[in-house]
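Quick notes on the structure that follows.
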Amino acid sequence: ARKVTTHRLIEMKQRGEKISMLTSYDYTIAQIVDGAGVDVILVGDSASNVMAGNVTTLPITVDQMIYHGKSVMRGVKRALVVVDMPFGSYQADPFDGVRNAIRMMKETGADALKLEGGEEVIDTIRRIIGAGMPVMGHLGLMPQSINKYGTYGVRAKGEEEAEKLIRDAHLLEEAGCFALVLEKIPAELAARVASELTIPVIGIGAGGAVDGQVLVVADMLGMTKGFSPRFLRRYADLHTVMTDAIGQYVADVKACDFPNESEQY
Ligand code: KIV
Ligand code: NA
């Protein structure tokens, strides 16, 4: 299958074809996600939660994101691969941001980067794009700023925050971002942003009137148990499937039922 490009995502928006996006953090899952036909794979800094067990995305490092990015790249043939720049790698100043962006692109071989924020980081985003690296924006709930918000609740419910989000979305498009993620905002606001922008808007908890959807793969497969926001549709119950399989293995070992005659040399 032909490799998905940033240009093709914009064509998909123009045609009205919705874009499917999921996270992956390792080779084995990325191979499955890519093979199933997902258009965009995000090596999210949600790896901090999902893979490392941290409470927030803040602790994950550039080196750790590079490890996840390289692992995913080895498993992908078709999907466009986007890697999240982690907290602290681009907020200090544009120079630092461009340096880290170059490292992440070079060492992972990924197709693009994603950064959280609007006006606050617009100069950095312009310079990263100027240096030849495609950038996906991310507005609404921005988990790298959780210590500023205090909660993971719905963002931009009020007029002031909504107005800023709309301004930021236009700034990101003007800066040359090829797409924008909107996380956990009212569906009506997301619909307005998607209709005003020419670049694709990918939602998570942002309703159906956007150009595509993204979910965390471990959540949509039902591997994670405690996390049940309204926007999360579970397509499988892998927690139960895996627990039952592993329980059966334990029982077989204890009962001397594994390995049997044909499972040895
Ligand atoms: O890190 C992540 O998984 C993300 C998506 C939720 C958009 O940024
Ligand atoms: Na992220």
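By order of appearance in the structure tokens: chains A, B, ..., then residues from 1 within every chain, and ligands from 1 in the order shown.
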DSSP alpha helix (DSSP H) selection over stretch 39-178 of chain A, as a compact mmCIF listing (two decimals) with N, CA and C atoms, in the first residue's frame:
```txt
# COMPACT_ATOMS: atom_id res chain seq x y z
N ALA A 47 2.70 7.47 26.10
CA ALA A 47 3.60 6.36 26.45
C ALA A 47 4.04 6.50 27.90
N SER A 48 4.13 7.74 28.38
CA SER A 48 4.52 7.99 29.77
C SER A 48 3.54 7.30 30.72
N ASN A 49 2.23 7.39 30.41
CA ASN A 49 1.21 6.73 31.22
C ASN A 49 1.12 5.25 30.89
N VAL A 50 0.92 4.96 29.58
CA VAL A 50 0.58 3.61 29.14
C VAL A 50 1.76 2.64 29.29
N VAL A 62 13.10 13.02 25.81
CA VAL A 62 13.38 12.96 24.37
C VAL A 62 13.97 11.60 24.02
N ASP A 63 14.91 11.11 24.80
CA ASP A 63 15.53 9.81 24.53
C ASP A 63 14.51 8.69 24.56
N GLN A 64 13.60 8.73 25.52
CA GLN A 64 12.56 7.70 25.61
C GLN A 64 11.60 7.79 24.42
N MET A 65 11.23 9.00 24.01
CA MET A 65 10.35 9.16 22.84
C MET A 65 11.06 8.67 21.58
N ILE A 66 12.35 8.88 21.50
CA ILE A 66 13.12 8.39 20.34
C ILE A 66 13.11 6.86 20.32
N TYR A 67 13.28 6.23 21.48
CA TYR A 67 13.22 4.76 21.56
C TYR A 67 11.86 4.24 21.06
N HIS A 68 10.77 4.86 21.55
CA HIS A 68 9.43 4.44 21.11
C HIS A 68 9.25 4.70 19.60
N GLY A 69 9.71 5.86 19.15
CA GLY A 69 9.57 6.23 17.74
C GLY A 69 10.29 5.26 16.82
N LYS A 70 11.51 4.90 17.17
CA LYS A 70 12.29 3.95 16.35
C LYS A 70 11.62 2.58 16.33
N SER A 71 11.11 2.15 17.47
CA SER A 71 10.45 0.84 17.57
C SER A 71 9.21 0.80 16.67
N VAL A 72 8.42 1.87 16.70
CA VAL A 72 7.21 1.94 15.88
C VAL A 72 7.58 1.96 14.40
N MET A 73 8.56 2.76 14.03
CA MET A 73 8.95 2.90 12.61
C MET A 73 9.31 1.56 11.99
N PRO A 94 12.88 28.70 21.13
CA PRO A 94 12.80 28.12 19.78
C PRO A 94 14.08 27.36 19.39
N PHE A 95 15.22 27.86 19.80
CA PHE A 95 16.50 27.24 19.43
C PHE A 95 16.56 25.81 19.95
N ASP A 96 16.26 25.69 21.23
CA ASP A 96 16.21 24.40 21.90
C ASP A 96 15.18 23.48 21.22
N GLY A 97 14.02 24.05 20.88
CA GLY A 97 12.95 23.28 20.25
C GLY A 97 13.38 22.73 18.90
N VAL A 98 14.03 23.57 18.09
CA VAL A 98 14.47 23.13 16.76
C VAL A 98 15.53 22.04 16.91
N ARG A 99 16.48 22.23 17.83
CA ARG A 99 17.53 21.21 18.06
C ARG A 99 16.91 19.86 18.42
N ASN A 100 15.96 19.86 19.37
CA ASN A 100 15.32 18.61 19.79
C ASN A 100 14.48 18.02 18.66
N ALA A 101 13.83 18.88 17.89
CA ALA A 101 13.02 18.42 16.76
C ALA A 101 13.91 17.70 15.74
N ILE A 102 15.05 18.29 15.43
CA ILE A 102 15.99 17.68 14.47
C ILE A 102 16.45 16.32 14.99
N ARG A 103 16.83 16.26 16.26
CA ARG A 103 17.26 14.97 16.85
C ARG A 103 16.17 13.93 16.72
N MET A 104 14.93 14.31 17.06
CA MET A 104 13.84 13.34 17.06
C MET A 104 13.54 12.85 15.64
N MET A 105 13.56 13.74 14.66
CA MET A 105 13.31 13.34 13.27
C MET A 105 14.44 12.45 12.74
N LYS A 106 15.67 12.87 13.00
CA LYS A 106 16.85 12.13 12.53
C LYS A 106 16.92 10.74 13.12
N GLU A 107 16.77 10.64 14.43
CA GLU A 107 17.01 9.36 15.10
C GLU A 107 15.83 8.38 14.98
N THR A 108 14.61 8.91 14.80
CA THR A 108 13.46 8.00 14.67
C THR A 108 13.16 7.67 13.21
N ILE A 122 4.30 29.42 19.07
CA ILE A 122 4.14 29.58 17.62
C ILE A 122 5.47 29.87 16.92
N ASP A 123 6.35 30.62 17.59
CA ASP A 123 7.64 30.95 16.99
C ASP A 123 8.48 29.69 16.81
N THR A 124 8.44 28.82 17.83
CA THR A 124 9.16 27.54 17.76
C THR A 124 8.61 26.68 16.63
N ILE A 125 7.28 26.62 16.53
CA ILE A 125 6.64 25.81 15.48
C ILE A 125 7.02 26.33 14.09
N ARG A 126 7.01 27.65 13.92
CA ARG A 126 7.43 28.24 12.63
C ARG A 126 8.84 27.83 12.26
N ARG A 127 9.73 27.85 13.25
CA ARG A 127 11.14 27.52 12.97
C ARG A 127 11.32 26.04 12.67
N ILE A 128 10.58 25.19 13.36
CA ILE A 128 10.69 23.74 13.10
C ILE A 128 10.20 23.44 11.68
N ILE A 129 9.06 24.04 11.31
CA ILE A 129 8.54 23.87 9.95
C ILE A 129 9.51 24.48 8.94
N GLY A 130 10.07 25.64 9.31
CA GLY A 130 11.05 26.31 8.43
C GLY A 130 12.28 25.45 8.18
N ILE A 146 -1.07 19.99 32.51
CA ILE A 146 -2.01 19.55 33.56
C ILE A 146 -1.79 20.29 34.88
N ASN A 147 -0.56 20.63 35.18
CA ASN A 147 -0.30 21.34 36.45
C ASN A 147 -0.82 22.77 36.43
N LYS A 148 -1.05 23.31 35.24
CA LYS A 148 -1.66 24.63 35.10
C LYS A 148 -3.18 24.53 35.24
N TYR A 149 -3.80 23.51 34.56
CA TYR A 149 -5.26 23.35 34.61
C TYR A 149 -5.74 22.80 35.95
N GLU A 159 -16.42 31.32 26.90
CA GLU A 159 -16.23 32.09 25.68
C GLU A 159 -14.78 32.52 25.48
N GLU A 160 -14.15 32.94 26.58
CA GLU A 160 -12.78 33.47 26.47
C GLU A 160 -11.80 32.41 26.00
N GLU A 161 -11.88 31.22 26.62
CA GLU A 161 -10.98 30.14 26.23
C GLU A 161 -11.29 29.63 24.82
N ALA A 162 -12.58 29.65 24.46
CA ALA A 162 -12.97 29.22 23.12
C ALA A 162 -12.43 30.18 22.06
N GLU A 163 -12.52 31.48 22.35
CA GLU A 163 -12.00 32.49 21.41
C GLU A 163 -10.50 32.32 21.21
N LYS A 164 -9.79 32.08 22.31
CA LYS A 164 -8.33 31.88 22.22
C LYS A 164 -8.00 30.62 21.40
N LEU A 165 -8.80 29.57 21.62
CA LEU A 165 -8.55 28.33 20.88
C LEU A 165 -8.73 28.56 19.37
N ILE A 166 -9.76 29.31 19.00
CA ILE A 166 -10.00 29.60 17.58
C ILE A 166 -8.85 30.42 17.00
N ARG A 167 -8.40 31.43 17.76
CA ARG A 167 -7.25 32.24 17.31
C ARG A 167 -6.01 31.37 17.14
N ASP A 168 -5.76 30.51 18.15
CA ASP A 168 -4.58 29.63 18.11
C ASP A 168 -4.65 28.67 16.92
N ALA A 169 -5.84 28.14 16.64
CA ALA A 169 -6.00 27.20 15.52
C ALA A 169 -5.61 27.89 14.20
N HIS A 170 -6.07 29.14 14.02
CA HIS A 170 -5.71 29.88 12.81
C HIS A 170 -4.22 30.18 12.76
N LEU A 171 -3.64 30.53 13.91
CA LEU A 171 -2.19 30.78 13.97
C LEU A 171 -1.40 29.55 13.54
N LEU A 172 -1.84 28.37 14.03
CA LEU A 172 -1.14 27.12 13.70
C LEU A 172 -1.25 26.82 12.20
N GLU A 173 -2.43 27.05 11.64
CA GLU A 173 -2.59 26.83 10.19
C GLU A 173 -1.69 27.80 9.40
N GLU A 174 -1.68 29.08 9.83
CA GLU A 174 -0.86 30.08 9.14
C GLU A 174 0.63 29.78 9.28
N ALA A 175 1.01 29.18 10.41
CA ALA A 175 2.42 28.83 10.63
C ALA A 175 2.85 27.65 9.75
```
Stretch 18-253 of chain A: residues DSSP assigns to strand (DSSP E), reported as a VMD selection string: chain A and resid 19 to 23 40 to 43 80 to 84 112 to 114 135 to 140 179 to 183 201 to 204 212 to 215
Test item: residues at most 7 Å from A:His138, only C-alpha atoms, excluding those fewer than 2 positions along its chain, as a PDB file with N, CA and C atoms, in the first residue's frame:
```pdb
ATOM      1  N   LEU A 115       3.358  18.991  18.639  1.00  0.00           N
ATOM      2  CA  LEU A 115       3.656  19.852  19.794  1.00  0.00           C
ATOM      3  C   LEU A 115       2.342  20.382  20.351  1.00  0.00           C
ATOM      4  N   GLU A 116       2.256  20.561  21.661  1.00  0.00           N
ATOM      5  CA  GLU A 116       1.067  21.135  22.292  1.00  0.00           C
ATOM      6  C   GLU A 116       1.204  22.657  22.388  1.00  0.00           C
ATOM      7  N   GLY A 117       0.108  23.368  22.085  1.00  0.00           N
ATOM      8  CA  GLY A 117       0.081  24.801  22.344  1.00  0.00           C
ATOM      9  C   GLY A 117      -0.115  25.636  21.094  1.00  0.00           C
ATOM     10  N   MET A 136       2.282  18.756  13.468  1.00  0.00           N
ATOM     11  CA  MET A 136       0.865  18.629  13.807  1.00  0.00           C
ATOM     12  C   MET A 136       0.663  19.429  15.095  1.00  0.00           C
ATOM     13  N   LEU A 180      -4.176  19.343  12.855  1.00  0.00           N
ATOM     14  CA  LEU A 180      -4.359  19.832  14.223  1.00  0.00           C
ATOM     15  C   LEU A 180      -5.175  18.826  15.024  1.00  0.00           C
ATOM     16  N   VAL A 181      -4.689  18.477  16.219  1.00  0.00           N
ATOM     17  CA  VAL A 181      -5.464  17.646  17.142  1.00  0.00           C
ATOM     18  C   VAL A 181      -6.219  18.558  18.097  1.00  0.00           C
ATOM     19  N   LEU A 182      -7.514  18.277  18.294  1.00  0.00           N
ATOM     20  CA  LEU A 182      -8.312  18.980  19.311  1.00  0.00           C
ATOM     21  C   LEU A 182      -8.747  17.950  20.339  1.00  0.00           C
TER      22      LEU A 182
END
```
Among listed residues A:Glu11, A:Asp34, A:Asp219, A:Asp211, nearest ligand 1 (using only C-alpha atoms and all ligand atoms): A:Asp219
Distance query A:Gly37 at most 9 Å, only C-alpha atoms, self and fewer than 2 positions along chain excluded, as a PDB file with N, CA and C atoms, in the first residue's frame:
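The resulting file, out-v8.pdb, is shown below:
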```pdb
ATOM      1  N   SER A  20      -8.364   8.178  10.076  1.00  0.00           N
ATOM      2  CA  SER A  20      -8.287   7.352  11.288  1.00  0.00           C
ATOM      3  C   SER A  20      -6.872   7.424  11.846  1.00  0.00           C
ATOM      4  N   ILE A  32       0.477  -4.286  13.891  1.00  0.00           N
ATOM      5  CA  ILE A  32      -0.953  -4.629  13.862  1.00  0.00           C
ATOM      6  C   ILE A  32      -1.778  -3.409  13.447  1.00  0.00           C
ATOM      7  N   VAL A  33      -1.491  -2.270  14.060  1.00  0.00           N
ATOM      8  CA  VAL A  33      -2.248  -1.043  13.780  1.00  0.00           C
ATOM      9  C   VAL A  33      -2.082  -0.644  12.319  1.00  0.00           C
ATOM     10  N   ASP A  34      -0.856  -0.703  11.815  1.00  0.00           N
ATOM     11  CA  ASP A  34      -0.583  -0.359  10.418  1.00  0.00           C
ATOM     12  C   ASP A  34      -1.255  -1.360   9.482  1.00  0.00           C
ATOM     13  N   GLY A  35      -1.126  -2.633   9.808  1.00  0.00           N
ATOM     14  CA  GLY A  35      -1.702  -3.690   8.967  1.00  0.00           C
ATOM     15  C   GLY A  35      -3.218  -3.600   8.889  1.00  0.00           C
ATOM     16  N   ASP A  39      -4.659   5.278   9.181  1.00  0.00           N
ATOM     17  CA  ASP A  39      -3.960   6.247   8.331  1.00  0.00           C
ATOM     18  C   ASP A  39      -2.760   6.900   9.003  1.00  0.00           C
ATOM     19  N   ARG A  78       2.705   1.606   5.872  1.00  0.00           N
ATOM     20  CA  ARG A  78       1.790   2.511   5.170  1.00  0.00           C
ATOM     21  C   ARG A  78       1.451   3.804   5.919  1.00  0.00           C
ATOM     22  N   ALA A  79       1.192   3.706   7.208  1.00  0.00           N
ATOM     23  CA  ALA A  79       0.692   4.866   7.958  1.00  0.00           C
ATOM     24  C   ALA A  79       1.718   5.995   8.021  1.00  0.00           C
TER      25      ALA A  79
END
```
